[in-house]
Each structure stands twice: as structure tokens, then as C-alpha cells.
$ cat run-v2.txt   # compact mmCIF, C-alpha atoms
# COMPACT_ATOMS: atom_id res chain seq x y z
CA MET F 1 28.45 -38.19 -1.59
CA SER F 2 30.75 -35.42 -2.88
CA GLU F 3 27.85 -34.13 -5.02
CA ASP F 4 25.76 -33.75 -1.83
CA ARG F 5 28.59 -31.74 -0.23
CA GLU F 6 28.82 -29.49 -3.28
CA THR F 7 25.08 -28.83 -3.19
CA GLU F 8 25.22 -28.18 0.55
CA GLY F 9 28.16 -25.79 0.08
CA THR F 10 26.32 -23.91 -2.65
CA GLU F 11 23.20 -23.58 -0.47
CA GLN F 12 25.28 -22.32 2.46
CA THR F 13 26.91 -19.71 0.23
CA LEU F 14 23.53 -18.52 -1.05
CA ASN F 15 22.20 -18.25 2.53
CA LYS F 16 25.15 -16.19 3.78
CA PRO F 17 24.81 -12.41 3.48
CA TRP F 18 25.50 -10.86 0.12
CA SER F 19 26.41 -7.15 -0.05
CA LEU F 20 24.97 -4.76 -2.59
CA TYR F 21 26.39 -1.28 -3.18
CA THR F 22 24.46 1.04 -5.47
CA ASP F 23 24.74 4.54 -6.84
CA GLY F 24 22.64 6.40 -9.36
CA ALA F 25 23.11 9.83 -10.86
CA SER F 26 21.47 12.14 -13.33
CA SER F 27 22.87 15.16 -15.15
CA ALA F 28 22.38 17.13 -18.33
CA GLU F 29 24.49 14.49 -20.14
CA GLY F 30 22.19 11.65 -19.10
CA ALA F 31 21.45 9.29 -16.27
CA GLY F 32 22.89 6.03 -15.13
CA ALA F 33 23.63 3.77 -12.25
CA CYS F 34 26.36 1.53 -10.94
CA LEU F 35 25.97 -1.41 -8.66
CA ILE F 36 28.28 -3.96 -7.19
CA LEU F 37 26.94 -7.22 -5.83
CA THR F 38 29.46 -9.00 -3.62
CA ASP F 39 29.01 -12.67 -2.81
CA PRO F 40 29.80 -14.09 0.65
CA ASP F 41 33.27 -15.10 -0.54
CA GLY F 42 34.08 -11.49 -1.49
CA THR F 43 33.77 -11.79 -5.26
CA ASP F 44 32.49 -8.52 -6.76
CA MET F 45 30.00 -8.46 -9.63
CA PRO F 46 30.04 -4.88 -10.97
CA TYR F 47 27.29 -3.73 -13.29
CA ALA F 48 26.36 -0.47 -14.99
CA LEU F 49 23.04 0.86 -16.24
CA SER F 50 22.36 3.54 -18.77
CA LEU F 51 18.94 5.07 -18.22
CA GLU F 52 17.34 5.90 -21.55
CA PHE F 53 14.85 8.36 -20.10
CA LYS F 54 15.05 11.66 -18.29
CA SER F 55 15.29 10.98 -14.58
CA SER F 56 16.04 12.68 -11.30
CA ASN F 57 18.91 11.63 -9.07
CA ASN F 58 16.42 9.90 -6.77
CA GLU F 59 14.92 7.93 -9.66
CA ALA F 60 18.42 6.88 -10.75
CA GLU F 61 19.17 5.79 -7.17
CA TYR F 62 16.00 3.67 -7.09
CA GLU F 63 16.84 2.18 -10.51
CA ALA F 64 20.26 1.15 -9.19
CA LEU F 65 18.77 -0.47 -6.08
CA PHE F 66 16.02 -2.25 -8.02
CA ALA F 67 18.48 -3.58 -10.62
CA GLY F 68 20.83 -4.77 -7.88
CA LEU F 69 18.04 -6.62 -6.10
CA ARG F 70 16.95 -8.27 -9.36
CA LEU F 71 20.55 -9.35 -10.01
CA ALA F 72 20.85 -10.76 -6.48
CA ALA F 73 17.63 -12.73 -6.94
CA LYS F 74 18.78 -14.00 -10.33
CA VAL F 75 22.04 -15.40 -8.92
CA GLY F 76 20.12 -17.07 -6.09
CA ALA F 77 21.09 -14.94 -3.08
CA LYS F 78 18.78 -15.44 -0.10
CA ASN F 79 20.17 -12.83 2.30
CA VAL F 80 21.04 -9.34 0.99
CA MET F 81 22.35 -6.24 2.72
CA ALA F 82 22.00 -3.25 0.39
CA HIS F 83 24.07 -0.11 0.96
CA VAL F 84 22.69 3.05 -0.67
CA ASP F 85 24.01 6.58 -0.43
CA SER F 86 20.63 8.18 -1.03
CA LEU F 87 19.16 9.12 2.33
CA LEU F 88 15.74 9.61 0.71
CA VAL F 89 15.70 6.12 -0.82
CA ALA F 90 16.97 4.43 2.35
CA ASN F 91 14.46 6.23 4.54
CA GLN F 92 11.53 5.57 2.21
CA VAL F 93 12.38 1.87 1.99
CA ASN F 94 12.79 1.68 5.77
CA ARG F 95 9.50 3.56 6.32
CA GLU F 96 11.13 6.49 8.06
CA TYR F 97 10.00 8.83 5.26
CA GLU F 98 6.74 8.63 3.38
CA ALA F 99 6.86 8.45 -0.41
CA ARG F 100 4.45 11.12 -1.65
CA GLU F 101 5.23 11.69 -5.30
CA THR F 102 3.65 9.20 -7.72
CA ASN F 103 6.98 8.19 -9.26
CA MET F 104 8.60 7.62 -5.85
CA ILE F 105 5.60 5.54 -4.72
CA LYS F 106 5.96 3.34 -7.82
CA TYR F 107 9.70 2.88 -7.31
CA LEU F 108 9.19 2.08 -3.63
CA GLU F 109 6.56 -0.55 -4.51
CA GLN F 110 8.92 -2.17 -7.04
CA VAL F 111 11.78 -2.28 -4.54
CA LYS F 112 9.56 -3.71 -1.78
CA GLN F 113 8.35 -6.45 -4.16
CA ALA F 114 11.95 -7.28 -5.06
CA MET F 115 12.95 -7.33 -1.37
CA ALA F 116 10.18 -9.85 -0.66
CA LEU F 117 11.99 -12.38 -2.89
CA PHE F 118 14.67 -12.88 -0.22
CA ASP F 119 14.66 -14.61 3.14
CA SER F 120 16.28 -11.47 4.51
CA CYS F 121 16.86 -8.13 2.80
CA LYS F 122 17.84 -4.88 4.47
CA VAL F 123 18.66 -1.46 3.10
CA GLU F 124 21.15 0.72 4.91
CA HIS F 125 22.10 4.33 4.21
CA ILE F 126 25.81 4.97 3.97
CA PRO F 127 27.45 8.32 3.31
CA ARG F 128 28.57 8.84 -0.29
CA SER F 129 32.17 9.00 0.96
CA LYS F 130 31.84 5.42 2.27
CA ASN F 131 30.21 4.13 -0.92
CA LYS F 132 33.50 4.01 -2.80
CA LYS F 133 32.69 0.71 -4.51
CA ALA F 134 29.63 1.99 -6.35
CA ASN F 135 30.88 5.57 -6.63
CA ALA F 136 33.79 4.36 -8.73
CA GLY F 137 31.41 4.42 -11.68
CA ARG F 138 30.17 7.94 -11.07
CA GLY F 139 31.48 10.06 -13.80
CA PHE F 140 30.36 7.82 -15.64
CA VAL F 141 30.88 4.20 -15.82
CA PRO F 142 34.00 2.34 -16.87
CA LYS F 143 33.59 0.94 -20.36
CA ASP F 144 34.59 -2.59 -19.36
CA LEU F 145 31.66 -3.12 -16.96
CA PRO F 146 28.71 -5.24 -18.04
CA ARG F 147 25.97 -2.84 -19.12
CA ALA F 148 22.27 -2.73 -19.63
CA SER F 149 19.96 -0.03 -20.86
CA VAL F 150 16.77 0.73 -19.01
CA LYS F 151 13.81 2.10 -20.93
CA MET F 152 11.14 4.33 -19.45
CA PRO F 153 9.59 2.63 -16.38

$ encode --input "run-v2.txt" --output "C-alpha cells"
Amino acid sequence: MSEDRETEGTEQTLNKPWSLYTDGASSAEGAGACLILTDPDGTDMPYALSLEFKSSNNEAEYEALFAGLRLAAKVGAKNVMAHVDSLLVANQVNREYEARETNMIKYLEQVKQAMALFDSCKVEHIPRSKNKKANAGRGFVPKDLPRASVKMP
């Protein structure tokens, strides 16, 4: 019976909202992204990406969001609220802006496919000043965070 309660508790945790905070940036020194996935109990899972290709800030922002959604799916989250500080990315995902450039269309398609993996997934724009969790890695990325490299999309 206790095993059933454990399974039920795990399912309830996965169904509760998870929070995702993302930030991507590009400069002459390179491009990267930080993301923090927070489970319903408040445990943060920080992650950093090094982009091994030349990218714009918007591409880095999309890479951060896409990686965060993949991580959320991998850990079994069912309900995700993503917080992004890129107004362009948030508005394209929420269909308030149209993606016109080929690269932005491809990123938008990838993110939409990833969002479809969840029972509920929303993307909300937050001002950079309120995205302190993910912005902590801006400048760039603390060496003790788990890292991954992303090759050309």
C-alpha cells in the first residue's frame, strides 16, 4: 500500500506546475544560455548551454527555451510555465507576432513541438529585471553548473 502512495505522490508532483526560467545571450566572445527548471516543491535545477555556432540573441533565447522544455519533458513534468525575457520569443510562441525569418520559423516549430509534449505548457514574457534566476548566468555561466554544448541546429 505504501508503494501505491509513493507512486500517487510522484504523479501528483509531476502534474503540479513546474517553473522554467530561461535566458540566452550572444556576444563577440560567444553565445550561451542559462535555464533553471524548478519543480513544484521549489527545488531548482540550473543548467547552462554553450552554443558552438554563431547565433543572434534571439536564437540563443530560443535555444534556452527549447533546452528547458526538453529537460522538463525528460524529468516527467506534465505542466510547465516558462518565463522568458525575450519579448520576441514570447510573442512569437503566443502567436502575437509572426515569425518571418527562416531561422525563427524553425525555432518556433521546435518549441511548439516540445510544448505539445505536456498536458499544459505556457510561455510568459517577464522583464529581464524580474528574470533574476536565469540572468544569474549572464556574464557567463558559473563553472559549477551542469553544462552541455549545442552544435549548429

$ closest_residue --input "run-v2.txt" --among "F:Ala28, F:Pro40, F:Leu20, F:Asp119" --to "His83 in chain F" --atoms "only C-alpha atoms"
F:Leu20

$ closest_residue --input "run-v2.txt" --among "F:Thr102, F:Ser129, F:Asn94, F:Ser26" --to "Leu51 in chain F" --atoms "all atoms listed in the file"
F:Ser26

$ atom_distance --input "run-v2.txt" --atom1 "CA of Arg100 in chain F" --atom2 "CA of Ser27 in chain F"
23.2 Å

$ closest_residue --input "run-v2.txt" --among "F:Lys74, F:Leu37, F:Val84, F:Glu29" --to "Ala114 in chain F" --atoms "all atoms listed in the file"
F:Lys74

$ closest_residue --input "run-v2.txt" --among "F:Ala60, F:Met81, F:Met45, F:Ala72" --to "Ala33 in chain F" --atoms "all atoms listed in the file"
F:Ala60

$ residues_around --input "run-v2.txt" --residues "Gly24 in chain F" --least-positions-apart "5" --cutoff "7 Å" --atoms "all atoms listed in the file" --output "PyMOL selection string"
chain F and resi 32-34+57+60-61+64

$ atom_distance --input "run-v2.txt" --atom1 "CA of Leu69 in chain F" --atom2 "CA of Ser86 in chain F"
15.9 Å

$ closest_residue --input "run-v2.txt" --among "F:Val93, F:Gly30, F:Thr22, F:Leu71" --to "Tyr107 in chain F" --atoms "only C-alpha atoms"
F:Val93

$ residues_near_point --input "run-v2.txt" --point "(26.6, -9.0, -0.2)" --cutoff "9 Å" --atoms "only C-alpha atoms" --output "VMD selection string"
chain F and resid 16 to 21 36 to 40 42 44 72 77 79 to 82

$ closest_residue --input "run-v2.txt" --among "F:Asn91, F:Asn103, F:Lys112, F:Glu96" --to "Glu124 in chain F" --atoms "only C-alpha atoms"
F:Asn91

$ atom_distance --input "run-v2.txt" --atom1 "CA of Cys121 in chain F" --atom2 "CA of Ala25 in chain F"
23.4 Å
